[in-house]
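Novice: Input: one structure, supplied below.
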Amino acid sequence: MPQIIPVATFDCVVFGATGDLTLRKLLPALYYRFRDGQMPAKSRVIGAARSKLSDDDFRGRATKALEKHVPAQDREAETVRRFLAQLHYVSIDATANDADWSRFKDLLDPDRIRVFYLATSPDLYGPTCKALGTNGLVTDKSRVVLEKPIGHDAASAHGIIESVGRVFTEAQTFRIDHYLGKETVQNLMALRFANTIFERLWTADVIDHVQITVAETVGLEGRGGYYDKSGALRDMLQNHMLQLLCLIAMDPPVSLNADRVRDEKLKVLRALKPMEQHEVAGLTVRGQYAHGAIDGKPVPSYLADLGSDEPSATESFVALKAEVRTWRWAGVPFYLRTGKRLPSKVSEIVIQFRKPPFSIFPPEAAEWRPNTLIIRLQPEEGMRLEMMTKDPGPGGLRLSPTGLDISFEKTFGKRFPDAYERLLMDTVRGNPTLFMRHDEVEAAWAWVEPILEAWAARPDHPRPYPAGSWGPTAAIALIERDGRTWNEQME
Ligand code: BG6
């Protein structure tokens with residue numbers, strides 16, 4: 001097996017150190033990179049938040065987080081102990097300008113790579129960066145990492161991009177979309193550009209339509225305060241799902257250089273057909289889960305999860321039909337859907353090819369299914385190509401669909417690192433390929449904004465769907481009106 005090359009020694013300052021993202025994702029990711037020898041022993045992870053905690057208090061929280069989010073077989077006591085020794089904590093208010101900042105500055109090593117990871121609410125990105133700049137914490141070797149969503153609409157995103165840009169250059173700014181760090185998402189590039197068999201078929205002449213589904217079984221998971229202000233369109237579609245769409249629809253970049261890849265994604269975002277206000281109701285469906293059941297267990301409604309007696313107009317489900325206006329894709333619909341409290345956790349891209357132009361086989365020979373390429377992003381990462389084949393034996397010519405399957409897990413037989421592991425190491429290495437450039441973020445908001453506006457103008461609430469179902473029936477109608485169906489082999 002090729003050896004893991006350690007990155008340079010770094011200081012990673014995590015703002016929002018007591019929050020869910022840090023405990024659930026960032027600390028476990030850093031732990032794995034430490035365990036596998038990629039995070040050098042002298043590197044430090046410095047938690048920063050407003051709460052008054054000591055280093056030991058923070059280590060105590062980190063210990064609990066690792067126990068919860070790293071399986072026991074991966075937690076060797078001595079390795080955990082050495083990792084915890086690299087954690088430190090600073091109590092700081094990003095918006096206050098006081099002596100804490102100069103103590104903070106003294107703590108950091110002037111010669112090391114510095115990663116400032118802002119795992120906070122986006123409205124703190126500008127003030128935090130300003131404080132970092134004013135207090136002299138930003139060196140040439142510094143980078144800032146911003147979690148999505150960048151803003152809550154085009155104007156606020158633009159404001160954040162500008163205020164962060166006053167302190168950090170574009171090359172120092174890493175806007176994370178963790179879907180881009182998933183192994184199978186990166187595999188989309190390999191599938192398309194390291195093989196010849198698909199690329200020539202990757203056009204409207206051959207492809208009938210594309211489906212992208214990101215389904216979750218979880219509900220609000222205690223994040224109601226954030227989620228209710230956001231909703232599925234801002235939380236998942238504006239970023240993760242549009243990035244997946246870009247990777248499917250983009251033209252081959254001229255190289256793997258970060259900007260060349262991002263240029264091609266940007267072209268796709270700019271080619272998305274803008275929705276007119278009057279079209280939004282017909283091209284989108286928003287839903288909110290009512291109580292129901294998942295895996296036979298009762299599940300409360302969105303409002304109960306939120307702990308609210310008041311109705312909420314926030315969608316926990318969105319489905320829509322998009323169109324990419326280029327020579328390659330004109331006329332090929334892209335159906336996207338994502339939601340919480342759906343029957344299973346599954347992310348999948350379905351490329352459905354056109355039917356044969358006519359059939360030489362008698363109609364009774366087969367139940368036709370067009371060729372379909374299913375790319376399973378999670379779980380059970382893999383690919384399946386469905387083809388028509390002849391049933392063995394005499395007794396009339398019978399055809400049925402069969403699948404060519406590749407299971408990445410079985411093929412590679414090893415743990416797939418979490419997306420954050422790669423992305424955190426990429427920020428230290430200064431490789432921005434898997435991060436969103438500012439113009440991508442702005443183009444994605446520009447496309448989504450008319451939908452948000454049209455929804456806001458219509459006071460009707462999102463349509464209810466029972467928890468454990470595939471969303472409102474209108475989402476099924478959205479695709480079936482066009483004579484197509486969502487891929488049903490998901491569970
Ligand atoms: C996050 C969203 O970006 O992605 C969450 O804020 C969502 O609401 C999560 O649950 C899904 O990520 P994954 O990696 O579990 O598919």
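Order determines the names: the first chain of the structure tokens is A, the second B, and so forth; residues in each chain are numbered 1 upward, and ligands are numbered 1 upward as they are shown.
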Could the residues of chain A that have an atom at most 10 Å from ligand 1 be listed as a Markdown table, each with its closest atom pair and the distance in Å to one decimal, counting only C-alpha atoms and all ligand atoms and ordered by chain and ascending residue number?

Specialist:
```
| residue | atom | partner | partner_atom_place_in_ligand_line | distance |
| --- | --- | --- | --- | --- |
| A:Leu21 | CA | ligand 1 | 6 (O) | 9.4 |
| A:Lys25 | CA | ligand 1 | 14 (O) | 9.7 |
| A:Glu147 | CA | ligand 1 | 3 (O) | 8.5 |
| A:Lys148 | CA | ligand 1 | 3 (O) | 6.9 |
| A:Pro149 | CA | ligand 1 | 3 (O) | 8.0 |
| A:Ile176 | CA | ligand 1 | 3 (O) | 9.5 |
| A:Asp177 | CA | ligand 1 | 3 (O) | 7.3 |
| A:His178 | CA | ligand 1 | 3 (O) | 7.0 |
| A:Tyr179 | CA | ligand 1 | 14 (O) | 6.5 |
| A:Gly181 | CA | ligand 1 | 14 (O) | 9.5 |
| A:Lys182 | CA | ligand 1 | 14 (O) | 7.9 |
| A:Val214 | CA | ligand 1 | 16 (O) | 7.2 |
| A:Ala215 | CA | ligand 1 | 16 (O) | 8.1 |
| A:Glu216 | CA | ligand 1 | 10 (O) | 6.9 |
| A:Thr217 | CA | ligand 1 | 10 (O) | 9.0 |
| A:Val218 | CA | ligand 1 | 10 (O) | 7.2 |
| A:Gly219 | CA | ligand 1 | 10 (O) | 8.2 |
| A:Leu220 | CA | ligand 1 | 8 (O) | 7.6 |
| A:Glu221 | CA | ligand 1 | 10 (O) | 8.6 |
| A:Arg223 | CA | ligand 1 | 8 (O) | 8.3 |
| A:Gly224 | CA | ligand 1 | 8 (O) | 10.0 |
| A:Tyr226 | CA | ligand 1 | 6 (O) | 9.1 |
| A:Tyr227 | CA | ligand 1 | 8 (O) | 7.4 |
| A:Ser230 | CA | ligand 1 | 6 (O) | 9.3 |
| A:Gly231 | CA | ligand 1 | 8 (O) | 8.7 |
| A:Ala232 | CA | ligand 1 | 8 (O) | 7.7 |
| A:Arg234 | CA | ligand 1 | 6 (O) | 9.0 |
| A:Asp235 | CA | ligand 1 | 6 (O) | 5.2 |
| A:Met236 | CA | ligand 1 | 2 (C) | 6.1 |
| A:Leu237 | CA | ligand 1 | 3 (O) | 9.6 |
| A:Asn239 | CA | ligand 1 | 3 (O) | 8.3 |
| A:His240 | CA | ligand 1 | 3 (O) | 7.3 |
| A:Ser316 | CA | ligand 1 | 8 (O) | 9.4 |
| A:Thr338 | CA | ligand 1 | 7 (C) | 10.0 |
| A:Gly339 | CA | ligand 1 | 8 (O) | 9.1 |
| A:Lys340 | CA | ligand 1 | 10 (O) | 7.8 |
| A:Lys345 | CA | ligand 1 | 16 (O) | 8.0 |
| A:Val346 | CA | ligand 1 | 16 (O) | 8.0 |
| A:Ser347 | CA | ligand 1 | 16 (O) | 7.2 |
| A:Leu377 | CA | ligand 1 | 16 (O) | 9.0 |
| A:Gln378 | CA | ligand 1 | 16 (O) | 7.6 |
| A:Pro379 | CA | ligand 1 | 16 (O) | 9.3 |
| A:Asp418 | CA | ligand 1 | 14 (O) | 8.3 |
| A:Ala419 | CA | ligand 1 | 14 (O) | 7.7 |
| A:Tyr420 | CA | ligand 1 | 14 (O) | 9.4 |
```

Novice: If you count only C-alpha atoms, which residues fall within 8 Å of region 319-325 of chain A, apart from same-chain ones fewer than 2 positions away, as a PDB file with N, CA and C atoms, in the first residue's frame?

Specialist:
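Output file out13.pdb follows:
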```pdb
ATOM      1  N   ALA A 249     -22.498  17.217 -15.242  1.00  0.00           N
ATOM      2  CA  ALA A 249     -22.790  17.938 -16.492  1.00  0.00           C
ATOM      3  C   ALA A 249     -21.584  18.633 -17.097  1.00  0.00           C
ATOM      4  N   VAL A 268     -21.347  25.303 -15.999  1.00  0.00           N
ATOM      5  CA  VAL A 268     -22.612  24.574 -15.830  1.00  0.00           C
ATOM      6  C   VAL A 268     -23.589  25.424 -15.014  1.00  0.00           C
ATOM      7  N   ALA A 271     -25.080  27.944 -16.965  1.00  0.00           N
ATOM      8  CA  ALA A 271     -25.957  27.462 -18.041  1.00  0.00           C
ATOM      9  C   ALA A 271     -27.293  26.947 -17.507  1.00  0.00           C
ATOM     10  N   LEU A 272     -27.452  26.905 -16.188  1.00  0.00           N
ATOM     11  CA  LEU A 272     -28.747  26.452 -15.650  1.00  0.00           C
ATOM     12  C   LEU A 272     -29.827  27.436 -16.061  1.00  0.00           C
ATOM     13  N   LYS A 273     -30.911  26.917 -16.600  1.00  0.00           N
ATOM     14  CA  LYS A 273     -31.965  27.813 -17.084  1.00  0.00           C
ATOM     15  C   LYS A 273     -32.639  28.492 -15.889  1.00  0.00           C
ATOM     16  N   LEU A 283     -42.229  23.705 -11.415  1.00  0.00           N
ATOM     17  CA  LEU A 283     -40.920  23.045 -11.540  1.00  0.00           C
ATOM     18  C   LEU A 283     -40.309  22.647 -10.194  1.00  0.00           C
ATOM     19  N   THR A 284     -40.956  23.069  -9.106  1.00  0.00           N
ATOM     20  CA  THR A 284     -40.414  22.717  -7.787  1.00  0.00           C
ATOM     21  C   THR A 284     -41.535  22.191  -6.885  1.00  0.00           C
ATOM     22  N   VAL A 285     -41.129  21.390  -5.910  1.00  0.00           N
ATOM     23  CA  VAL A 285     -42.074  20.905  -4.895  1.00  0.00           C
ATOM     24  C   VAL A 285     -41.375  21.042  -3.556  1.00  0.00           C
ATOM     25  N   ARG A 286     -42.038  21.638  -2.593  1.00  0.00           N
ATOM     26  CA  ARG A 286     -41.434  21.693  -1.255  1.00  0.00           C
ATOM     27  C   ARG A 286     -42.333  20.961  -0.275  1.00  0.00           C
ATOM     28  N   PHE A 317     -37.981  19.141   2.606  1.00  0.00           N
ATOM     29  CA  PHE A 317     -37.886  18.330   1.382  1.00  0.00           C
ATOM     30  C   PHE A 317     -37.997  19.277   0.199  1.00  0.00           C
ATOM     31  N   TRP A 327     -25.078  22.841 -25.622  1.00  0.00           N
ATOM     32  CA  TRP A 327     -25.255  21.912 -26.743  1.00  0.00           C
ATOM     33  C   TRP A 327     -25.305  20.476 -26.245  1.00  0.00           C
ATOM     34  N   TRP A 329     -26.403  19.312 -23.373  1.00  0.00           N
ATOM     35  CA  TRP A 329     -27.491  18.910 -22.490  1.00  0.00           C
ATOM     36  C   TRP A 329     -28.866  19.438 -22.869  1.00  0.00           C
ATOM     37  N   ALA A 330     -28.964  20.260 -23.898  1.00  0.00           N
ATOM     38  CA  ALA A 330     -30.258  20.877 -24.203  1.00  0.00           C
ATOM     39  C   ALA A 330     -31.358  19.823 -24.255  1.00  0.00           C
ATOM     40  N   GLY A 331     -32.426  20.050 -23.531  1.00  0.00           N
ATOM     41  CA  GLY A 331     -33.583  19.157 -23.574  1.00  0.00           C
ATOM     42  C   GLY A 331     -33.504  17.978 -22.612  1.00  0.00           C
ATOM     43  N   VAL A 332     -32.386  17.828 -21.882  1.00  0.00           N
ATOM     44  CA  VAL A 332     -32.277  16.696 -20.937  1.00  0.00           C
ATOM     45  C   VAL A 332     -32.648  17.200 -19.542  1.00  0.00           C
ATOM     46  N   PRO A 333     -33.761  16.743 -18.969  1.00  0.00           N
ATOM     47  CA  PRO A 333     -34.093  17.231 -17.631  1.00  0.00           C
ATOM     48  C   PRO A 333     -33.187  16.628 -16.550  1.00  0.00           C
ATOM     49  N   PHE A 334     -32.873  17.435 -15.574  1.00  0.00           N
ATOM     50  CA  PHE A 334     -32.174  16.982 -14.376  1.00  0.00           C
ATOM     51  C   PHE A 334     -33.180  17.082 -13.235  1.00  0.00           C
ATOM     52  N   TYR A 335     -33.574  15.933 -12.683  1.00  0.00           N
ATOM     53  CA  TYR A 335     -34.525  15.928 -11.562  1.00  0.00           C
ATOM     54  C   TYR A 335     -33.714  15.774 -10.271  1.00  0.00           C
ATOM     55  N   LEU A 336     -33.915  16.696  -9.349  1.00  0.00           N
ATOM     56  CA  LEU A 336     -33.166  16.661  -8.087  1.00  0.00           C
ATOM     57  C   LEU A 336     -34.148  16.551  -6.938  1.00  0.00           C
ATOM     58  N   ARG A 337     -33.827  15.730  -5.953  1.00  0.00           N
ATOM     59  CA  ARG A 337     -34.681  15.711  -4.755  1.00  0.00           C
ATOM     60  C   ARG A 337     -33.827  15.415  -3.526  1.00  0.00           C
ATOM     61  N   THR A 338     -34.190  16.059  -2.461  1.00  0.00           N
ATOM     62  CA  THR A 338     -33.503  15.814  -1.192  1.00  0.00           C
ATOM     63  C   THR A 338     -34.475  16.071  -0.059  1.00  0.00           C
ATOM     64  N   ALA A 475     -44.119  15.401  -5.585  1.00  0.00           N
ATOM     65  CA  ALA A 475     -42.755  15.172  -6.059  1.00  0.00           C
ATOM     66  C   ALA A 475     -42.734  14.005  -7.043  1.00  0.00           C
ATOM     67  N   LEU A 478     -44.159  15.354 -10.250  1.00  0.00           N
ATOM     68  CA  LEU A 478     -43.204  16.230 -10.953  1.00  0.00           C
ATOM     69  C   LEU A 478     -42.479  15.490 -12.072  1.00  0.00           C
TER      70      LEU A 478
END
```

Novice: Would you list the contacts of Asp111 (chain A) as a ChimeraX atom specification, taking every protein, DNA or RNA residue within 9 Å and counting only C-alpha atoms, but skipping same-chain residues closer than 3 positions in sequence?

Specialist: /A:108,114,139,141

Novice: Each residue of region 165-275 of chain A with at least one atom at most 12 Å from region 383-394 of chain A should appear once, together with its nearest atom pair and the corresponding distance in Å (one decimal); atoms considered: only C-alpha atoms; ordering: chain, then increasing residue number; output as JSON lines.

Specialist:
```
{"residue": "A:Thr184", "atom": "CA", "partner": "A:Met383", "partner_atom": "CA", "distance": 9.6}
{"residue": "A:Val185", "atom": "CA", "partner": "A:Met383", "partner_atom": "CA", "distance": 11.9}
{"residue": "A:Asn187", "atom": "CA", "partner": "A:Met383", "partner_atom": "CA", "distance": 10.4}
{"residue": "A:Leu188", "atom": "CA", "partner": "A:Met383", "partner_atom": "CA", "distance": 10.4}
{"residue": "A:Leu191", "atom": "CA", "partner": "A:Met383", "partner_atom": "CA", "distance": 9.9}
{"residue": "A:Phe198", "atom": "CA", "partner": "A:Leu385", "partner_atom": "CA", "distance": 11.2}
```

Novice: With distances taken over only C-alpha atoms, which of A:Glu162, A:Glu76, A:Asp263, A:Glu183 is nearest to Thr433 (chain A)?

Specialist: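 Nearest to Thr433 (chain A): A:Asp263.
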
Novice: With distances taken over only C-alpha atoms, which residue among A:Ala293, A:Val14, A:Ile207, A:Ala190 lies nearest Pro343 (chain A)?

Specialist: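 Nearest candidate to Pro343 (chain A) out of A:Ala293, A:Val14, A:Ile207, A:Ala190: A:Ala293.
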
Novice: Can you list, as a VMD selection string, every protein, DNA or RNA residue that comes within 10 Å of Trp447 (chain A) when you count only C-alpha atoms, leaving out same-chain residues fewer than 6 positions away?

Specialist: chain A and resid 154 238 242 269 to 275

Novice: Now that the selection is made, can you save its residues with N, CA, C and O atoms as a PDB file, in the first residue's frame?

Specialist:
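What ended up in part.pdb:
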```
ATOM      1  N   ALA A 154     -28.313  35.549  -2.295  1.00  0.00           N
ATOM      2  CA  ALA A 154     -27.212  36.052  -3.131  1.00  0.00           C
ATOM      3  C   ALA A 154     -26.546  37.275  -2.494  1.00  0.00           C
ATOM      4  O   ALA A 154     -25.314  37.378  -2.467  1.00  0.00           O
ATOM      5  N   GLN A 238     -28.648  24.138  -2.788  1.00  0.00           N
ATOM      6  CA  GLN A 238     -27.835  25.240  -3.336  1.00  0.00           C
ATOM      7  C   GLN A 238     -26.362  24.844  -3.407  1.00  0.00           C
ATOM      8  O   GLN A 238     -25.619  25.382  -4.221  1.00  0.00           O
ATOM      9  N   LEU A 242     -26.169  20.926  -6.248  1.00  0.00           N
ATOM     10  CA  LEU A 242     -25.732  21.605  -7.473  1.00  0.00           C
ATOM     11  C   LEU A 242     -24.284  21.241  -7.806  1.00  0.00           C
ATOM     12  O   LEU A 242     -23.910  21.161  -8.975  1.00  0.00           O
ATOM     13  N   LEU A 269     -23.100  25.975 -13.904  1.00  0.00           N
ATOM     14  CA  LEU A 269     -23.998  26.773 -13.050  1.00  0.00           C
ATOM     15  C   LEU A 269     -24.568  27.944 -13.843  1.00  0.00           C
ATOM     16  O   LEU A 269     -25.741  28.294 -13.714  1.00  0.00           O
ATOM     17  N   ARG A 270     -23.724  28.513 -14.692  1.00  0.00           N
ATOM     18  CA  ARG A 270     -24.207  29.660 -15.482  1.00  0.00           C
ATOM     19  C   ARG A 270     -25.147  29.222 -16.596  1.00  0.00           C
ATOM     20  O   ARG A 270     -25.893  30.039 -17.133  1.00  0.00           O
ATOM     21  N   ALA A 271     -25.080  27.944 -16.965  1.00  0.00           N
ATOM     22  CA  ALA A 271     -25.957  27.462 -18.041  1.00  0.00           C
ATOM     23  C   ALA A 271     -27.293  26.947 -17.507  1.00  0.00           C
ATOM     24  O   ALA A 271     -28.177  26.589 -18.300  1.00  0.00           O
ATOM     25  N   LEU A 272     -27.452  26.905 -16.188  1.00  0.00           N
ATOM     26  CA  LEU A 272     -28.747  26.452 -15.650  1.00  0.00           C
ATOM     27  C   LEU A 272     -29.827  27.436 -16.061  1.00  0.00           C
ATOM     28  O   LEU A 272     -29.665  28.649 -15.883  1.00  0.00           O
ATOM     29  N   LYS A 273     -30.911  26.917 -16.600  1.00  0.00           N
ATOM     30  CA  LYS A 273     -31.965  27.813 -17.084  1.00  0.00           C
ATOM     31  C   LYS A 273     -32.639  28.492 -15.889  1.00  0.00           C
ATOM     32  O   LYS A 273     -33.168  27.799 -15.007  1.00  0.00           O
ATOM     33  N   PRO A 274     -32.608  29.817 -15.833  1.00  0.00           N
ATOM     34  CA  PRO A 274     -33.241  30.481 -14.684  1.00  0.00           C
ATOM     35  C   PRO A 274     -34.742  30.207 -14.695  1.00  0.00           C
ATOM     36  O   PRO A 274     -35.362  30.151 -15.753  1.00  0.00           O
ATOM     37  N   MET A 275     -35.299  30.027 -13.508  1.00  0.00           N
ATOM     38  CA  MET A 275     -36.759  29.806 -13.428  1.00  0.00           C
ATOM     39  C   MET A 275     -37.465  31.151 -13.355  1.00  0.00           C
ATOM     40  O   MET A 275     -37.095  31.997 -12.541  1.00  0.00           O
TER      41      MET A 275
END
```
